[in-house]
$ cat coords.pdb   # PDB, C-alpha atoms, pLDDT in the B column
MODEL        1
ATOM      1  CA  GLN I   1    -105.932 116.376 -26.906  1.00 81.00           C
ATOM      2  CA  VAL I   2    -104.454 114.221 -29.651  1.00 84.00           C
ATOM      3  CA  GLN I   3    -106.897 113.362 -32.392  1.00 92.00           C
ATOM      4  CA  LEU I   4    -106.527 110.932 -35.252  1.00 96.00           C
ATOM      5  CA  VAL I   5    -109.356 111.187 -37.754  1.00 96.00           C
ATOM      6  CA  GLU I   6    -109.715 108.571 -40.464  1.00 97.00           C
ATOM      7  CA  SER I   7    -111.567 108.966 -43.742  1.00 97.00           C
ATOM      8  CA  GLY I   8    -111.812 107.266 -47.106  1.00 97.00           C
ATOM      9  CA  GLY I   9    -113.566 104.052 -46.212  1.00 97.00           C
ATOM     10  CA  GLY I  10    -116.442 102.731 -48.260  1.00 97.00           C
ATOM     11  CA  SER I  11    -117.858  99.832 -50.203  1.00 98.00           C
ATOM     12  CA  VAL I  12    -116.113  98.400 -53.242  1.00 98.00           C
ATOM     13  CA  GLN I  13    -116.184  95.248 -55.286  1.00 98.00           C
ATOM     14  CA  ALA I  14    -113.418  92.692 -55.111  1.00 98.00           C
ATOM     15  CA  GLY I  15    -110.432  93.856 -57.110  1.00 98.00           C
ATOM     16  CA  GLY I  16    -111.163  97.495 -56.415  1.00 98.00           C
ATOM     17  CA  SER I  17    -109.094 100.122 -54.647  1.00 98.00           C
ATOM     18  CA  LEU I  18    -109.484 102.552 -51.777  1.00 98.00           C
ATOM     19  CA  ARG I  19    -107.247 105.076 -50.084  1.00 98.00           C
ATOM     20  CA  LEU I  20    -107.650 105.727 -46.401  1.00 98.00           C
ATOM     21  CA  SER I  21    -106.428 108.906 -44.761  1.00 98.00           C
ATOM     22  CA  CYS I  22    -105.643 109.699 -41.135  1.00 97.00           C
ATOM     23  CA  ALA I  23    -105.332 113.350 -40.241  1.00 96.00           C
ATOM     24  CA  ALA I  24    -103.632 114.174 -36.967  1.00 93.00           C
ATOM     25  CA  SER I  25    -104.095 117.177 -34.737  1.00 89.00           C
ATOM     26  CA  VAL I  26    -102.013 118.397 -31.775  1.00 85.00           C
ATOM     27  CA  VAL I  27     -99.318 115.777 -32.429  1.00 84.00           C
ATOM     28  CA  THR I  28     -96.773 115.679 -35.274  1.00 85.00           C
ATOM     29  CA  LEU I  29     -96.837 112.351 -37.084  1.00 85.00           C
ATOM     30  CA  SER I  30     -93.115 112.437 -37.842  1.00 83.00           C
ATOM     31  CA  THR I  31     -92.443 112.084 -34.116  1.00 87.00           C
ATOM     32  CA  LEU I  32     -94.533 108.918 -33.783  1.00 89.00           C
ATOM     33  CA  TYR I  33     -94.588 105.286 -34.855  1.00 93.00           C
ATOM     34  CA  MET I  34     -97.708 105.094 -37.051  1.00 94.00           C
ATOM     35  CA  GLY I  35     -99.798 102.252 -38.295  1.00 96.00           C
ATOM     36  CA  TRP I  36    -103.091 100.839 -39.480  1.00 98.00           C
ATOM     37  CA  PHE I  37    -104.993  98.097 -37.695  1.00 98.00           C
ATOM     38  CA  ARG I  38    -108.270  96.440 -38.647  1.00 98.00           C
ATOM     39  CA  GLN I  39    -111.008  94.545 -36.880  1.00 98.00           C
ATOM     40  CA  SER I  40    -113.760  92.337 -38.259  1.00 96.00           C
ATOM     41  CA  PRO I  41    -116.833  91.304 -36.246  1.00 91.00           C
ATOM     42  CA  GLY I  42    -115.946  88.547 -33.810  1.00 93.00           C
ATOM     43  CA  LYS I  43    -112.226  88.880 -34.400  1.00 96.00           C
ATOM     44  CA  GLU I  44    -109.411  90.591 -32.559  1.00 96.00           C
ATOM     45  CA  ARG I  45    -107.979  93.832 -33.833  1.00 97.00           C
ATOM     46  CA  GLU I  46    -104.988  92.976 -36.017  1.00 97.00           C
ATOM     47  CA  LYS I  47    -102.023  94.928 -37.260  1.00 98.00           C
ATOM     48  CA  VAL I  48    -102.052  95.623 -40.978  1.00 98.00           C
ATOM     49  CA  THR I  49     -99.066  97.870 -41.587  1.00 97.00           C
ATOM     50  CA  THR I  50     -96.767 100.275 -39.766  1.00 96.00           C
ATOM     51  CA  ILE I  51     -94.299 103.002 -40.634  1.00 94.00           C
ATOM     52  CA  ARG I  52     -91.495 104.459 -38.559  1.00 89.00           C
ATOM     53  CA  SER I  53     -90.326 107.868 -39.660  1.00 74.00           C
ATOM     54  CA  GLY I  54     -87.246 108.234 -37.513  1.00 60.00           C
ATOM     55  CA  ASP I  55     -84.989 105.845 -39.451  1.00 56.00           C
ATOM     56  CA  GLY I  56     -85.910 106.519 -43.031  1.00 58.00           C
ATOM     57  CA  ARG I  57     -89.483 105.440 -42.882  1.00 72.00           C
ATOM     58  CA  THR I  58     -89.112 101.741 -42.271  1.00 85.00           C
ATOM     59  CA  SER I  59     -92.383 100.032 -43.094  1.00 91.00           C
ATOM     60  CA  TRP I  60     -93.844  96.629 -42.217  1.00 94.00           C
ATOM     61  CA  TYR I  61     -96.786  94.766 -43.730  1.00 97.00           C
ATOM     62  CA  ALA I  62     -98.814  91.806 -42.597  1.00 97.00           C
ATOM     63  CA  ASP I  63     -98.520  88.855 -44.982  1.00 97.00           C
ATOM     64  CA  PRO I  64    -102.163  89.006 -46.188  1.00 97.00           C
ATOM     65  CA  VAL I  65    -101.710  92.567 -47.492  1.00 98.00           C
ATOM     66  CA  GLN I  66     -98.096  92.458 -48.644  1.00 97.00           C
ATOM     67  CA  GLY I  67     -97.891  93.673 -52.232  1.00 97.00           C
ATOM     68  CA  ARG I  68    -101.448  95.036 -52.246  1.00 98.00           C
ATOM     69  CA  PHE I  69    -101.377  97.763 -49.581  1.00 98.00           C
ATOM     70  CA  THR I  70     -99.004 100.714 -49.260  1.00 97.00           C
ATOM     71  CA  ILE I  71     -98.578 102.894 -46.209  1.00 96.00           C
ATOM     72  CA  SER I  72     -97.268 106.424 -46.607  1.00 93.00           C
ATOM     73  CA  GLN I  73     -97.017 109.611 -44.645  1.00 91.00           C
ATOM     74  CA  ASP I  74     -97.129 113.250 -45.712  1.00 90.00           C
ATOM     75  CA  ASN I  75     -95.449 115.217 -42.965  1.00 87.00           C
ATOM     76  CA  ALA I  76     -96.347 118.559 -44.539  1.00 89.00           C
ATOM     77  CA  LYS I  77    -100.024 117.643 -44.258  1.00 92.00           C
ATOM     78  CA  ASN I  78     -99.533 115.694 -41.032  1.00 92.00           C
ATOM     79  CA  THR I  79    -101.519 112.882 -42.611  1.00 94.00           C
ATOM     80  CA  LEU I  80    -101.062 109.119 -42.812  1.00 95.00           C
ATOM     81  CA  TYR I  81    -102.362 107.164 -45.791  1.00 97.00           C
ATOM     82  CA  LEU I  82    -103.192 103.582 -46.627  1.00 98.00           C
ATOM     83  CA  GLN I  83    -103.495 102.835 -50.332  1.00 98.00           C
ATOM     84  CA  MET I  84    -105.271  99.535 -50.884  1.00 98.00           C
ATOM     85  CA  TYR I  85    -105.302  97.728 -54.225  1.00 98.00           C
ATOM     86  CA  SER I  86    -106.766  94.399 -55.332  1.00 98.00           C
ATOM     87  CA  LEU I  87    -109.137  94.370 -52.420  1.00 98.00           C
ATOM     88  CA  LYS I  88    -110.613  91.050 -51.325  1.00 98.00           C
ATOM     89  CA  PRO I  89    -113.766  90.248 -49.335  1.00 97.00           C
ATOM     90  CA  GLU I  90    -111.532  89.169 -46.446  1.00 97.00           C
ATOM     91  CA  ASP I  91    -110.223  92.749 -46.243  1.00 98.00           C
ATOM     92  CA  THR I  92    -113.665  93.808 -45.016  1.00 98.00           C
ATOM     93  CA  ALA I  93    -113.193  95.383 -41.576  1.00 98.00           C
ATOM     94  CA  MET I  94    -113.149  98.565 -39.564  1.00 98.00           C
ATOM     95  CA  TYR I  95    -109.759 100.169 -40.168  1.00 98.00           C
ATOM     96  CA  TYR I  96    -108.105 102.149 -37.399  1.00 98.00           C
ATOM     97  CA  CYS I  97    -105.252 104.608 -37.514  1.00 97.00           C
ATOM     98  CA  ALA I  98    -102.853 104.143 -34.602  1.00 97.00           C
ATOM     99  CA  ALA I  99     -99.841 105.892 -33.110  1.00 95.00           C
ATOM    100  CA  GLY I 100     -97.229 104.978 -30.559  1.00 93.00           C
ATOM    101  CA  PRO I 101     -93.827 106.093 -29.307  1.00 90.00           C
ATOM    102  CA  LEU I 102     -91.081 106.333 -31.894  1.00 85.00           C
ATOM    103  CA  THR I 103     -88.745 104.566 -29.462  1.00 86.00           C
ATOM    104  CA  LEU I 104     -90.489 101.193 -29.757  1.00 86.00           C
ATOM    105  CA  LEU I 105     -87.908  98.550 -30.573  1.00 82.00           C
ATOM    106  CA  ARG I 106     -90.181  95.648 -31.536  1.00 85.00           C
ATOM    107  CA  GLY I 107     -92.555  97.531 -33.777  1.00 88.00           C
ATOM    108  CA  LEU I 108     -95.940  99.089 -33.131  1.00 94.00           C
ATOM    109  CA  ASN I 109     -98.096  96.351 -31.673  1.00 95.00           C
ATOM    110  CA  ARG I 110    -101.639  96.657 -30.412  1.00 95.00           C
ATOM    111  CA  ASP I 111    -100.639  96.942 -26.738  1.00 94.00           C
ATOM    112  CA  ASP I 112     -98.134  99.702 -27.585  1.00 94.00           C
ATOM    113  CA  VAL I 113    -100.655 102.011 -29.228  1.00 96.00           C
ATOM    114  CA  ALA I 114    -101.036 105.292 -27.374  1.00 94.00           C
ATOM    115  CA  TYR I 115    -103.601 106.886 -29.684  1.00 95.00           C
ATOM    116  CA  TRP I 116    -106.390 105.383 -31.775  1.00 97.00           C
ATOM    117  CA  GLY I 117    -108.590 106.917 -34.414  1.00 97.00           C
ATOM    118  CA  GLN I 118    -112.326 106.313 -34.430  1.00 96.00           C
ATOM    119  CA  GLY I 119    -112.157 103.936 -37.383  1.00 97.00           C
ATOM    120  CA  THR I 120    -113.438 103.883 -40.938  1.00 98.00           C
ATOM    121  CA  GLN I 121    -115.367 100.977 -42.434  1.00 98.00           C
ATOM    122  CA  VAL I 122    -114.136  99.135 -45.506  1.00 98.00           C
ATOM    123  CA  THR I 123    -116.503  96.664 -47.120  1.00 98.00           C
ATOM    124  CA  VAL I 124    -115.458  94.523 -50.076  1.00 98.00           C
ATOM    125  CA  SER I 125    -118.098  92.530 -51.902  1.00 97.00           C
ATOM    126  CA  SER I 126    -117.441  89.502 -54.088  1.00 94.00           C
TER
ENDMDL
END

$ encode --input "coords.pdb" --output "structure tokens"
Amino acid sequence: QVQLVESGGGSVQAGGSLRLSCAASVVTLSTLYMGWFRQSPGKEREKVTTIRSGDGRTSWYADPVQGRFTISQDNAKNTLYLQMYSLKPEDTAMYYCAAGPLTLLRGLNRDDVAYWGQGTQVTVSS
């Protein structure tokens, strides 16, 4: 059974940094469309960033995180990362690792996700 296990969440002050990791088992990340989503209480789960390995690692970022977050993938370790800088209180959420088919043409959206991690909490205080 495919497993995506996130780690690295925690509590930081505004302006701080965190790096999230997502370790995969059974499946090879290089064969999937990968991404990070987040969900705050009372809000829908939203896409934060995605990466597609098949065509040179095309990446996409949501406007609120553009320039502050970086998604990367280490195929040797079969691990996805999310480096977050200049964190803001509005970044507070449960962060989920997600995977979908590499063949997706319109990006990895929430309804296209085939596998979800269990989530890791990020809390940013002002």

$ resolve_selection --input "coords.pdb" --expression "the PyMOL selection byres ((chain I and resi 100) around 6)" --output "PyMOL selection string"
chain I and resi 32-33+99+101+113-114

$ write_last_selection --input "coords.pdb" --atoms "C-alpha atoms" --output "PDB file, in the coordinates of the input"
ATOM      1  CA  LEU I  32     -94.533 108.918 -33.783  1.00 89.00           C
ATOM      2  CA  TYR I  33     -94.588 105.286 -34.855  1.00 93.00           C
ATOM      3  CA  ALA I  99     -99.841 105.892 -33.110  1.00 95.00           C
ATOM      4  CA  PRO I 101     -93.827 106.093 -29.307  1.00 90.00           C
ATOM      5  CA  VAL I 113    -100.655 102.011 -29.228  1.00 96.00           C
ATOM      6  CA  ALA I 114    -101.036 105.292 -27.374  1.00 94.00           C
TER       7      ALA I 114
END

$ closest_residue --input "coords.pdb" --among "I:Leu4, I:Leu102, I:Glu44, I:Ser11" --to "I:Thr123" --atoms "all atoms listed in the file"
I:Ser11

$ residues_near_point --input "coords.pdb" --point "(-105.3, 94.2, -40.5)" --cutoff "8 Å" --atoms "only C-alpha atoms" --output "JSON, numbers by chain"
{"I": [36, 37, 38, 39, 45, 46, 47, 48, 49, 62, 91, 95]}

$ write_last_selection --input "coords.pdb" --atoms "C-alpha atoms" --output "PDB file, in the frame of the given file"
ATOM      1  CA  TRP I  36    -103.091 100.839 -39.480  1.00 98.00           C
ATOM      2  CA  PHE I  37    -104.993  98.097 -37.695  1.00 98.00           C
ATOM      3  CA  ARG I  38    -108.270  96.440 -38.647  1.00 98.00           C
ATOM      4  CA  GLN I  39    -111.008  94.545 -36.880  1.00 98.00           C
ATOM      5  CA  ARG I  45    -107.979  93.832 -33.833  1.00 97.00           C
ATOM      6  CA  GLU I  46    -104.988  92.976 -36.017  1.00 97.00           C
ATOM      7  CA  LYS I  47    -102.023  94.928 -37.260  1.00 98.00           C
ATOM      8  CA  VAL I  48    -102.052  95.623 -40.978  1.00 98.00           C
ATOM      9  CA  THR I  49     -99.066  97.870 -41.587  1.00 97.00           C
ATOM     10  CA  ALA I  62     -98.814  91.806 -42.597  1.00 97.00           C
ATOM     11  CA  ASP I  91    -110.223  92.749 -46.243  1.00 98.00           C
ATOM     12  CA  TYR I  95    -109.759 100.169 -40.168  1.00 98.00           C
TER      13      TYR I  95
END

$ resolve_selection --input "coords.pdb" --expression "the PyMOL selection byres ((chain I and resi 76) around 12)" --output "ChimeraX atom specification"
/I:23-24,28-30,73-75,77-80

$ write_last_selection --input "coords.pdb" --atoms "C-alpha atoms" --output "tab-separated table (two decimals), keeping the file's coordinate frame"
chain	number	residue	atom	x	y	z
I	23	ALA	CA	-105.33	113.35	-40.24
I	24	ALA	CA	-103.63	114.17	-36.97
I	28	THR	CA	-96.77	115.68	-35.27
I	29	LEU	CA	-96.84	112.35	-37.08
I	30	SER	CA	-93.12	112.44	-37.84
I	73	GLN	CA	-97.02	109.61	-44.64
I	74	ASP	CA	-97.13	113.25	-45.71
I	75	ASN	CA	-95.45	115.22	-42.96
I	77	LYS	CA	-100.02	117.64	-44.26
I	78	ASN	CA	-99.53	115.69	-41.03
I	79	THR	CA	-101.52	112.88	-42.61
I	80	LEU	CA	-101.06	109.12	-42.81

$ residues_around --input "coords.pdb" --residues "I:Gln118" --least-positions-apart "3" --cutoff "8 Å" --atoms "all atoms listed in the file" --output "PyMOL selection string"
chain I and resi 4-6+96-97

$ resolve_selection --input "coords.pdb" --expression "the PyMOL selection byres ((chain I and resi 14) around 7)" --output "ChimeraX atom specification"
/I:12-13,15-16,86-89,124-126

$ axis_aligned_box --input "coords.pdb" --around "stretch 84-103 of chain I" --padding-each-side "6 Å" --output "AutoDock Vina command-line options"
--center_x -101.3 --center_y 97.8 --center_z -42.3 --size_x 37.0 --size_y 29.2 --size_z 38.0

$ atom_distance --input "coords.pdb" --atom1 "atom CA of I:Thr103" --atom2 "atom CA of I:Gly35"
14.3 Å

$ build_atoms --input "coords.pdb" --residues "stretch 80-111 of chain I" --atoms "N, CA and C atoms" --output "compact mmCIF listing (two decimals), in the coordinates of the input"
# COMPACT_ATOMS: atom_id res chain seq x y z
N LEU I 80 -101.47 110.48 -42.50
CA LEU I 80 -101.06 109.12 -42.81
C LEU I 80 -102.04 108.56 -43.83
N TYR I 81 -101.51 107.75 -44.76
CA TYR I 81 -102.36 107.16 -45.79
C TYR I 81 -102.21 105.65 -45.82
N LEU I 82 -103.25 105.01 -46.33
CA LEU I 82 -103.19 103.58 -46.63
C LEU I 82 -103.83 103.40 -47.99
N GLN I 83 -103.01 103.12 -49.00
CA GLN I 83 -103.50 102.84 -50.33
C GLN I 83 -103.71 101.33 -50.44
N MET I 84 -104.92 100.95 -50.81
CA MET I 84 -105.27 99.54 -50.88
C MET I 84 -105.68 99.19 -52.31
N TYR I 85 -105.00 98.21 -52.89
CA TYR I 85 -105.30 97.73 -54.22
C TYR I 85 -105.75 96.27 -54.14
N SER I 86 -106.36 95.81 -55.22
CA SER I 86 -106.77 94.40 -55.33
C SER I 86 -107.48 93.92 -54.08
N LEU I 87 -108.43 94.69 -53.65
CA LEU I 87 -109.14 94.37 -52.42
C LEU I 87 -109.90 93.06 -52.53
N LYS I 88 -109.95 92.34 -51.41
CA LYS I 88 -110.61 91.05 -51.32
C LYS I 88 -111.71 91.11 -50.27
N PRO I 89 -112.71 90.25 -50.36
CA PRO I 89 -113.77 90.25 -49.34
C PRO I 89 -113.21 90.09 -47.92
N GLU I 90 -112.11 89.35 -47.78
CA GLU I 90 -111.53 89.17 -46.45
C GLU I 90 -110.85 90.42 -45.91
N ASP I 91 -110.73 91.47 -46.73
CA ASP I 91 -110.22 92.75 -46.24
C ASP I 91 -111.32 93.57 -45.57
N THR I 92 -112.55 93.10 -45.64
CA THR I 92 -113.66 93.81 -45.02
C THR I 92 -113.44 93.91 -43.52
N ALA I 93 -113.45 95.15 -43.00
CA ALA I 93 -113.19 95.38 -41.58
C ALA I 93 -113.32 96.87 -41.28
N MET I 94 -113.32 97.18 -40.00
CA MET I 94 -113.15 98.56 -39.56
C MET I 94 -111.64 98.80 -39.49
N TYR I 95 -111.18 99.84 -40.14
CA TYR I 95 -109.76 100.17 -40.17
C TYR I 95 -109.48 101.34 -39.23
N TYR I 96 -108.45 101.16 -38.41
CA TYR I 96 -108.10 102.15 -37.40
C TYR I 96 -106.69 102.67 -37.61
N CYS I 97 -106.55 103.96 -37.55
CA CYS I 97 -105.25 104.61 -37.51
C CYS I 97 -104.72 104.53 -36.09
N ALA I 98 -103.42 104.32 -35.93
CA ALA I 98 -102.85 104.14 -34.60
C ALA I 98 -101.49 104.80 -34.52
N ALA I 99 -101.13 105.24 -33.32
CA ALA I 99 -99.84 105.89 -33.11
C ALA I 99 -99.25 105.47 -31.78
N GLY I 100 -97.93 105.34 -31.78
CA GLY I 100 -97.23 104.98 -30.56
C GLY I 100 -95.89 105.67 -30.51
N PRO I 101 -95.13 105.43 -29.46
CA PRO I 101 -93.83 106.09 -29.31
C PRO I 101 -92.84 105.67 -30.39
N LEU I 102 -92.06 106.61 -30.85
CA LEU I 102 -91.08 106.33 -31.89
C LEU I 102 -89.98 105.41 -31.38
N THR I 103 -89.83 105.33 -30.06
CA THR I 103 -88.74 104.57 -29.46
C THR I 103 -89.02 103.06 -29.38
N LEU I 104 -90.18 102.62 -29.81
CA LEU I 104 -90.49 101.19 -29.76
C LEU I 104 -89.46 100.40 -30.55
N LEU I 105 -88.95 99.33 -29.93
CA LEU I 105 -87.91 98.55 -30.57
C LEU I 105 -88.45 97.33 -31.32
N ARG I 106 -89.64 96.86 -30.94
CA ARG I 106 -90.18 95.65 -31.54
C ARG I 106 -91.38 95.94 -32.43
N GLY I 107 -91.45 97.18 -32.90
CA GLY I 107 -92.56 97.53 -33.78
C GLY I 107 -93.75 98.03 -33.00
N LEU I 108 -94.72 98.55 -33.74
CA LEU I 108 -95.94 99.09 -33.13
C LEU I 108 -96.96 97.96 -33.06
N ASN I 109 -97.11 97.40 -31.87
CA ASN I 109 -98.10 96.35 -31.67
C ASN I 109 -99.32 96.92 -30.95
N ARG I 110 -100.37 96.15 -30.93
CA ARG I 110 -101.64 96.66 -30.41
C ARG I 110 -101.50 97.20 -28.99
N ASP I 111 -100.77 96.52 -28.14
CA ASP I 111 -100.64 96.94 -26.74
C ASP I 111 -99.75 98.18 -26.59
